[in-house]
Amino acid sequence: MKRSPLFSEITEAEIREELRYYPGKMTFPPNEAYQNWGEEIDIYEVGYKSPPNYEGTINLYYDGEQSDLTLKFNIYVENNDEILIKIRDLDVM
């Protein structure tokens with residue numbers, strides 16, 4: 001399966017493979033998770049030649065509970081200052 005240039009740096013098959021290990025339903029994090037930077041969401045500037053310009057992680061939730069699955073993403077700042085976010089990986093933390 002080819003990689004999508006639009007939203008991911010890993011294939012859909014790779015995403016599905018990792019997610020199949022998690023029973024239940026993926027849910028949105030609680031509102032306070034978006035305010036708890038450093039614990040739930042971590043974004044940092046890339047220290048090597050960009051792009052990407054930033055990398056980050058966010059904890060994923062299943063059935064309203066935080067799981068040990070973490071979404072890793074890259075953030076690209078385009079020439080026209082548009083921001084593009086791509087899934088980089090899913091990891092068990």
# chains A, B, ... in the order shown; residues from 1 in each chain; ligands from 1
call {"tool": "residues_around", "arguments": {"residues": "stretch 77-91 of chain A", "least_positions_apart": "3", "cutoff": "7 Å", "atoms": "only C-alpha atoms", "output": "MDAnalysis selection string"}}
result
chainID A and resid 7:10 53 69:74
call {"tool": "write_last_selection", "arguments": {"atoms": "N, CA, C and O atoms", "output": "tab-separated table (two decimals), in the first residue's frame"}}
result
chain	number	residue	atom	x	y	z
A	7	PHE	N	-1.72	12.91	4.77
A	7	PHE	CA	-1.89	12.93	6.22
A	7	PHE	C	-0.97	11.99	6.98
A	7	PHE	O	-0.96	12.02	8.21
A	8	SER	N	-0.21	11.17	6.32
A	8	SER	CA	0.55	10.17	7.06
A	8	SER	C	1.88	9.85	6.41
A	8	SER	O	2.02	9.90	5.20
A	9	GLU	N	2.84	9.52	7.27
A	9	GLU	CA	4.14	9.07	6.79
A	9	GLU	C	4.27	7.57	6.98
A	9	GLU	O	5.32	7.00	6.71
A	10	ILE	N	3.20	6.93	7.46
A	10	ILE	CA	3.11	5.48	7.52
A	10	ILE	C	1.86	5.08	6.75
A	10	ILE	O	0.97	5.89	6.53
A	53	ASN	N	9.49	20.71	10.73
A	53	ASN	CA	9.91	21.80	11.60
A	53	ASN	C	9.71	21.46	13.07
A	53	ASN	O	10.47	21.92	13.92
A	69	LEU	N	-1.12	3.67	24.09
A	69	LEU	CA	-0.82	3.94	22.69
A	69	LEU	C	-0.64	5.44	22.48
A	69	LEU	O	-1.47	6.24	22.94
A	70	THR	N	0.43	5.80	21.83
A	70	THR	CA	0.76	7.21	21.60
A	70	THR	C	0.89	7.46	20.09
A	70	THR	O	1.53	6.69	19.39
A	71	LEU	N	0.27	8.53	19.64
A	71	LEU	CA	0.37	8.97	18.26
A	71	LEU	C	1.55	9.93	18.15
A	71	LEU	O	1.63	10.91	18.90
A	72	LYS	N	2.46	9.64	17.24
A	72	LYS	CA	3.58	10.55	16.97
A	72	LYS	C	3.28	11.26	15.65
A	72	LYS	O	2.78	10.64	14.71
A	73	PHE	N	3.60	12.54	15.59
A	73	PHE	CA	3.30	13.30	14.38
A	73	PHE	C	4.41	14.30	14.07
A	73	PHE	O	5.19	14.68	14.94
A	74	ASN	N	4.46	14.69	12.80
A	74	ASN	CA	5.38	15.72	12.33
A	74	ASN	C	4.56	16.94	11.95
A	74	ASN	O	3.45	16.81	11.43
call {"tool": "select_by_dssp", "arguments": {"residues": "chain A", "states": "helix (DSSP H, G or I)", "output": "PyMOL selection string"}}
result
chain A and resi 12-19+31-35
call {"tool": "residues_around", "arguments": {"residues": "A:Ser67", "least_positions_apart": "4", "cutoff": "10 Å", "atoms": "only C-alpha atoms", "output": "VMD selection string"}}
result
chain A and resid 22 26 59 to 63 92 to 93
call {"tool": "write_last_selection", "arguments": {"atoms": "all heavy atoms", "output": "CSV table (one decimal), in the first residue's frame"}}
result
chain,number,residue,atom,x,y,z
A,22,TYR,N,-5.9,-3.1,20.0
A,22,TYR,CA,-6.6,-2.4,21.1
A,22,TYR,C,-8.1,-2.6,21.0
A,22,TYR,O,-8.8,-2.1,20.0
A,22,TYR,CB,-6.3,-0.9,21.0
A,22,TYR,CG,-4.9,-0.6,21.5
A,22,TYR,CD1,-3.8,-0.8,20.6
A,22,TYR,CD2,-4.7,-0.3,22.8
A,22,TYR,CE1,-2.5,-0.6,21.1
A,22,TYR,CE2,-3.4,-0.1,23.2
A,22,TYR,CZ,-2.3,-0.3,22.4
A,22,TYR,OH,-1.1,-0.1,22.9
A,26,MET,N,-12.0,3.8,20.0
A,26,MET,CA,-11.1,5.0,20.2
A,26,MET,C,-12.0,6.2,20.5
A,26,MET,O,-13.0,6.3,19.8
A,26,MET,CB,-10.2,5.2,19.0
A,26,MET,CG,-9.2,6.3,19.2
A,26,MET,SD,-8.2,6.7,17.8
A,26,MET,CE,-7.2,5.3,17.8
A,59,ASN,N,-1.2,11.3,23.6
A,59,ASN,CA,-1.7,10.1,24.1
A,59,ASN,C,-3.1,9.8,23.5
A,59,ASN,O,-3.9,10.7,23.4
A,59,ASN,CB,-1.9,10.1,25.7
A,59,ASN,CG,-0.6,10.3,26.3
A,59,ASN,OD1,0.5,9.8,25.9
A,59,ASN,ND2,-0.5,11.1,27.4
A,60,LEU,N,-3.4,8.5,23.2
A,60,LEU,CA,-4.7,8.1,22.6
A,60,LEU,C,-5.5,7.5,23.7
A,60,LEU,O,-5.0,6.9,24.7
A,60,LEU,CB,-4.5,7.2,21.5
A,60,LEU,CG,-3.7,7.7,20.3
A,60,LEU,CD1,-3.5,6.7,19.2
A,60,LEU,CD2,-4.3,9.0,19.7
A,61,TYR,N,-6.8,7.6,23.5
A,61,TYR,CA,-7.8,7.1,24.5
A,61,TYR,C,-8.7,6.1,23.9
A,61,TYR,O,-9.1,6.2,22.7
A,61,TYR,CB,-8.7,8.3,25.0
A,61,TYR,CG,-8.0,9.2,26.0
A,61,TYR,CD1,-6.9,10.0,25.7
A,61,TYR,CD2,-8.4,9.1,27.3
A,61,TYR,CE1,-6.3,10.8,26.6
A,61,TYR,CE2,-7.7,9.9,28.3
A,61,TYR,CZ,-6.7,10.7,27.9
A,61,TYR,OH,-6.0,11.5,28.9
A,62,TYR,N,-9.1,5.1,24.7
A,62,TYR,CA,-10.0,4.1,24.3
A,62,TYR,C,-11.1,4.0,25.4
A,62,TYR,O,-10.8,3.9,26.6
A,62,TYR,CB,-9.3,2.7,24.1
A,62,TYR,CG,-8.7,2.6,22.8
A,62,TYR,CD1,-7.5,3.1,22.5
A,62,TYR,CD2,-9.4,1.9,21.7
A,62,TYR,CE1,-6.9,3.0,21.2
A,62,TYR,CE2,-8.9,1.8,20.5
A,62,TYR,CZ,-7.6,2.3,20.2
A,62,TYR,OH,-7.1,2.2,19.0
A,63,ASP,N,-12.3,4.0,24.9
A,63,ASP,CA,-13.5,3.9,25.9
A,63,ASP,C,-13.4,5.0,27.0
A,63,ASP,O,-13.7,4.7,28.1
A,63,ASP,CB,-13.6,2.5,26.4
A,63,ASP,CG,-13.9,1.5,25.3
A,63,ASP,OD1,-14.6,1.8,24.4
A,63,ASP,OD2,-13.4,0.4,25.5
A,92,VAL,N,3.6,2.1,21.5
A,92,VAL,CA,3.2,1.7,22.8
A,92,VAL,C,4.2,2.3,23.8
A,92,VAL,O,5.4,2.1,23.7
A,92,VAL,CB,3.1,0.2,23.0
A,92,VAL,CG1,2.7,-0.2,24.4
A,92,VAL,CG2,2.1,-0.4,22.0
A,93,MET,N,3.7,3.1,24.7
A,93,MET,CA,4.6,3.8,25.7
A,93,MET,C,4.4,3.2,27.0
A,93,MET,O,3.5,2.7,27.5
A,93,MET,CB,4.3,5.3,25.7
A,93,MET,CG,4.4,6.0,24.4
A,93,MET,SD,6.0,5.8,23.7
A,93,MET,CE,6.7,7.4,24.0
call {"tool": "select_by_dssp", "arguments": {"residues": "chain A", "states": "strand (DSSP E)", "output": "PyMOL selection string"}}
result
chain A and resi 26-27+41-45+54-62+65-77+83-92
